[in-house]
Amino acid sequence: MSSRFDADAGKVFGVRTDLLEQFAETVRRDLKAKVGVVIVTLFVFAAVFAPELAPHDPMAQDFIPLSQPALSAETPLGTDSYGRDLLSRLMYGARISLGVGLGAVVFGAVTGVVLGLLAGFYGGWIDDLLMRGVDVMWAFPWLLIAIMLVSIFGQGVWNVVIAVGFAYIDDFARITRGEVLSIREEEYMLAAESVGLGDLEIVFEEVFPNTVAPIIVQFTVLVARAMLAEATLSFLGLGVKPSTPTWGALLGQGRDFITQAWWISIIPGVLIMITVLGINLFGDALRDAFDVREVDAE
């Protein structure tokens, strides 16, 4: 309903209708953005189609640990310490990494955005109460929060999702509140109030759409951090169940065999590094494309 008000609102929403075009243009002219898109695409493709692409059952053991070296015809990336095909476990592990990354950030985003919208829109004691709680969360390192929650609720994919996502609520709450505070000063907000719109209508029709761009960028960046968090917890033995194939668990398992079978740790470690780098490059491209001030300057 923004088009009913002044030209500034139409301008903001007009830019947002071109976000995909701006992103495509950013990717077209920026080599780093191209690399990020390619890496993210390959990672998502391998994760989604792991059951069709994996050459072996990721749980099948041959009971001859470390029998297959890397780059063999049967197992291109070798086997782990239980004789399970490493390539297959990496593909299935990508599904866990992607699922935990997206699930944790969705949980953190939904909760944090709601808190930020309420705090920024209403202000006063509601803002003080909510943001002081966010400040308390901000004071603790994310890893400490995640370890504490996993220790309380136990191992498992959903517990890791909640533990990691809880640690990111404050990031989304702070960003959303800052955006809302600036939006409250716009003229179209006064216009929306003057025509008698209710609080929910104003929040979801006027305020929230104008906070989407920075939230999407933050979402992308935190997916990479959530994947690292899952890998860290699994490496420490606090993530998903030990039998579940994850990149962090493979990294931790291989540390005891680094001199005998270097590929068990090195390959998952390199994949984690490349994937996180690709997602960060993808996020940088989104940030450049969604920068309204940059678009206006052009």
# chains A, B, ... in the order shown; residues from 1 in each chain; ligands from 1
call {"tool": "residues_around", "arguments": {"residues": "Leu130 of chain A", "least_positions_apart": "6", "cutoff": "12 Å", "atoms": "only C-alpha atoms", "output": "list of chain:residue names"}}
result
A:Thr111, A:Gly112, A:Val113, A:Val114, A:Leu115, A:Gly116, A:Leu117, A:Leu118, A:Ala119, A:Gly120, A:Phe121, A:Tyr122, A:Gly123, A:Gly124, A:Val136, A:Met137, A:Ile169, A:Asp170, A:Ala173, A:Arg174, A:Arg177
call {"tool": "select_by_dssp", "arguments": {"residues": "segment 211-298 of chain A", "states": "helix (DSSP H, G or I)", "output": "NGL selection string"}}
result
:A and (211-235 or 247-257 or 263-289 or 292-297)
call {"tool": "closest_residue", "arguments": {"among": "A:Leu286, A:Val276, A:Val207, A:Val221", "to": "Leu190 of chain A", "atoms": "only C-alpha atoms"}}
result
A:Val207
call {"tool": "residues_around", "arguments": {"residues": "segment 35-46 of chain A", "least_positions_apart": "5", "cutoff": "7 Å", "atoms": "only C-alpha atoms", "output": "MDAnalysis selection string"}}
result
chainID A and resid 91 275 278:279 281:282
call {"tool": "write_last_selection", "arguments": {"atoms": "C-alpha atoms", "output": "PDB file, in the first residue's frame"}}
result
ATOM      1  CA  MET A  91      27.676 -35.131   0.144  1.00  0.00           C
ATOM      2  CA  THR A 275      31.960 -23.148   1.131  1.00  0.00           C
ATOM      3  CA  GLY A 278      31.677 -18.759  -1.293  1.00  0.00           C
ATOM      4  CA  ILE A 279      28.710 -17.882   0.924  1.00  0.00           C
ATOM      5  CA  LEU A 281      31.251 -13.678  -1.401  1.00  0.00           C
ATOM      6  CA  PHE A 282      27.592 -14.321  -2.244  1.00  0.00           C
TER       7      PHE A 282
END
call {"tool": "residues_around", "arguments": {"residues": "Ala24 of chain A", "least_positions_apart": "5", "cutoff": "12 Å", "atoms": "only C-alpha atoms", "output": "list in words"}}
result
Asp18, Leu19, Arg29, Asp30, Ala33, Lys34, Val37, Phe282, Ala285, Leu286, Asp288, Ala289 and Phe290 of chain A
call {"tool": "write_last_selection", "arguments": {"atoms": "C-alpha atoms", "output": "short mmCIF file (atom, residue, chain, number, x, y, z; two decimals), in the first residue's frame"}}
result
data_model
loop_
_atom_site.label_atom_id
_atom_site.label_comp_id
_atom_site.auth_asym_id
_atom_site.auth_seq_id
_atom_site.Cartn_x
_atom_site.Cartn_y
_atom_site.Cartn_z
CA ASP A 18 14.59 -4.15 -9.05
CA LEU A 19 16.64 -6.02 -6.43
CA ARG A 29 30.39 -7.24 -13.42
CA ASP A 30 32.09 -8.66 -10.30
CA ALA A 33 30.37 -12.41 -6.97
CA LYS A 34 30.52 -14.93 -9.83
CA VAL A 37 27.38 -17.81 -6.87
CA PHE A 282 27.59 -14.32 -2.24
CA ALA A 285 27.21 -9.41 -3.78
CA LEU A 286 23.80 -9.18 -2.11
CA ASP A 288 26.26 -4.39 -2.97
CA ALA A 289 23.06 -5.04 -4.92
CA PHE A 290 20.76 -4.13 -2.04
#
call {"tool": "residues_around", "arguments": {"residues": "Ala249 of chain A", "least_positions_apart": "5", "cutoff": "10 Å", "atoms": "only C-alpha atoms", "output": "PyMOL selection string"}}
result
chain A and resi 93+230-244+254+265+268
call {"tool": "write_last_selection", "arguments": {"atoms": "N, CA and C atoms", "output": "mmCIF file, in the first residue's frame"}}
result
data_model
loop_
_atom_site.group_PDB
_atom_site.id
_atom_site.type_symbol
_atom_site.label_atom_id
_atom_site.label_comp_id
_atom_site.auth_asym_id
_atom_site.auth_seq_id
_atom_site.Cartn_x
_atom_site.Cartn_y
_atom_site.Cartn_z
ATOM 1 N N GLY A 93 26.859 -35.009 4.319
ATOM 2 C CA GLY A 93 27.203 -34.010 5.324
ATOM 3 C C GLY A 93 26.843 -32.606 4.884
ATOM 4 N N GLU A 230 28.066 -25.300 13.524
ATOM 5 C CA GLU A 230 27.738 -26.737 13.528
ATOM 6 C C GLU A 230 29.005 -27.571 13.412
ATOM 7 N N ALA A 231 29.916 -27.161 12.520
ATOM 8 C CA ALA A 231 31.172 -27.896 12.359
ATOM 9 C C ALA A 231 31.992 -27.857 13.645
ATOM 10 N N THR A 232 31.986 -26.711 14.317
ATOM 11 C CA THR A 232 32.729 -26.582 15.573
ATOM 12 C C THR A 232 32.147 -27.491 16.649
ATOM 13 N N LEU A 233 30.836 -27.468 16.792
ATOM 14 C CA LEU A 233 30.192 -28.315 17.797
ATOM 15 C C LEU A 233 30.408 -29.792 17.500
ATOM 16 N N SER A 234 30.296 -30.181 16.227
ATOM 17 C CA SER A 234 30.517 -31.581 15.862
ATOM 18 C C SER A 234 31.970 -31.978 16.077
ATOM 19 N N PHE A 235 32.893 -31.069 15.786
ATOM 20 C CA PHE A 235 34.314 -31.338 16.007
ATOM 21 C C PHE A 235 34.594 -31.580 17.489
ATOM 22 N N LEU A 236 33.871 -30.844 18.348
ATOM 23 C CA LEU A 236 34.047 -31.001 19.793
ATOM 24 C C LEU A 236 33.246 -32.167 20.357
ATOM 25 N N GLY A 237 32.452 -32.830 19.506
ATOM 26 C CA GLY A 237 31.634 -33.940 19.968
ATOM 27 C C GLY A 237 30.341 -33.510 20.611
ATOM 28 N N LEU A 238 29.912 -32.248 20.374
ATOM 29 C CA LEU A 238 28.701 -31.708 20.991
ATOM 30 C C LEU A 238 27.614 -31.415 19.968
ATOM 31 N N GLY A 239 27.819 -31.794 18.726
ATOM 32 C CA GLY A 239 26.855 -31.484 17.686
ATOM 33 C C GLY A 239 25.821 -32.581 17.517
ATOM 34 N N VAL A 240 25.644 -33.009 16.274
ATOM 35 C CA VAL A 240 24.695 -34.083 15.985
ATOM 36 C C VAL A 240 25.267 -35.403 16.479
ATOM 37 N N LYS A 241 24.477 -36.455 16.385
ATOM 38 C CA LYS A 241 24.930 -37.755 16.861
ATOM 39 C C LYS A 241 26.155 -38.219 16.075
ATOM 40 N N PRO A 242 27.073 -38.932 16.728
ATOM 41 C CA PRO A 242 28.338 -39.302 16.079
ATOM 42 C C PRO A 242 28.170 -40.065 14.768
ATOM 43 N N SER A 243 27.121 -40.862 14.636
ATOM 44 C CA SER A 243 26.941 -41.641 13.414
ATOM 45 C C SER A 243 26.470 -40.806 12.237
ATOM 46 N N THR A 244 25.970 -39.586 12.488
ATOM 47 C CA THR A 244 25.470 -38.730 11.424
ATOM 48 C C THR A 244 26.637 -38.118 10.656
ATOM 49 N N GLY A 254 39.088 -37.414 11.938
ATOM 50 C CA GLY A 254 40.357 -37.603 11.248
ATOM 51 C C GLY A 254 41.578 -37.104 11.988
ATOM 52 N N SER A 265 40.617 -35.587 7.428
ATOM 53 C CA SER A 265 40.476 -34.256 8.021
ATOM 54 C C SER A 265 40.675 -33.138 7.010
ATOM 55 N N PRO A 268 37.502 -32.474 4.327
ATOM 56 C CA PRO A 268 36.377 -31.731 4.912
ATOM 57 C C PRO A 268 36.756 -30.313 5.332
#
call {"tool": "closest_residue", "arguments": {"among": "A:Ala226, A:Val100, A:Ala191, A:Ala50", "to": "Val157 of chain A", "atoms": "only C-alpha atoms"}}
result
A:Val100
call {"tool": "closest_residue", "arguments": {"among": "A:Val180, A:Ile266, A:Leu228, A:Val105", "to": "Thr211 of chain A", "atoms": "only C-alpha atoms"}}
result
A:Val180
call {"tool": "residues_around", "arguments": {"residues": "Gly101 of chain A", "least_positions_apart": "4", "cutoff": "8 Å", "atoms": "only C-alpha atoms", "output": "compact mmCIF listing (two decimals) with N, CA and C atoms, in the first residue's frame"}}
result
# COMPACT_ATOMS: atom_id res chain seq x y z
N SER A 97 24.89 -29.69 6.93
CA SER A 97 25.42 -28.33 7.06
C SER A 97 24.43 -27.30 6.53
N VAL A 105 19.47 -20.06 11.18
CA VAL A 105 19.33 -18.64 10.86
C VAL A 105 17.87 -18.25 10.71
N VAL A 161 20.23 -26.85 15.80
CA VAL A 161 19.57 -25.75 15.11
C VAL A 161 19.10 -24.69 16.11
N LEU A 222 25.11 -14.94 8.10
CA LEU A 222 24.99 -15.80 9.27
C LEU A 222 24.80 -17.27 8.91
N VAL A 223 24.33 -17.57 7.69
CA VAL A 223 24.28 -18.98 7.27
C VAL A 223 25.68 -19.58 7.28
N ALA A 224 26.65 -18.83 6.77
CA ALA A 224 28.04 -19.31 6.79
C ALA A 224 28.52 -19.48 8.22
N ARG A 225 28.21 -18.54 9.10
CA ARG A 225 28.62 -18.65 10.49
C ARG A 225 27.94 -19.82 11.19
N ALA A 226 26.68 -20.07 10.84
CA ALA A 226 25.95 -21.19 11.44
C ALA A 226 26.56 -22.52 11.01
N MET A 227 26.98 -22.61 9.75
CA MET A 227 27.64 -23.83 9.29
C MET A 227 28.95 -24.05 10.04
N GLU A 230 28.07 -25.30 13.52
CA GLU A 230 27.74 -26.74 13.53
C GLU A 230 29.00 -27.57 13.41
call {"tool": "residues_around", "arguments": {"residues": "Met59 of chain A", "least_positions_apart": "6", "cutoff": "10 Å", "atoms": "only C-alpha atoms", "output": "list of chain:residue names"}}
result
A:Tyr82, A:Gly83, A:Arg84, A:Asp85, A:Ser88, A:Arg89, A:Ser243, A:Thr244, A:Pro245
call {"tool": "write_last_selection", "arguments": {"atoms": "C-alpha atoms", "output": "short mmCIF file (atom, residue, chain, number, x, y, z; two decimals), in the first residue's frame"}}
result
data_model
loop_
_atom_site.label_atom_id
_atom_site.label_comp_id
_atom_site.auth_asym_id
_atom_site.auth_seq_id
_atom_site.Cartn_x
_atom_site.Cartn_y
_atom_site.Cartn_z
CA TYR A 82 35.56 -47.12 9.44
CA GLY A 83 35.99 -47.76 5.76
CA ARG A 84 33.01 -45.63 4.73
CA ASP A 85 33.23 -43.75 1.44
CA SER A 88 29.38 -40.01 -0.08
CA ARG A 89 29.64 -38.88 3.53
CA SER A 243 26.94 -41.64 13.41
CA THR A 244 25.47 -38.73 11.42
CA PRO A 245 27.75 -37.68 8.55
#
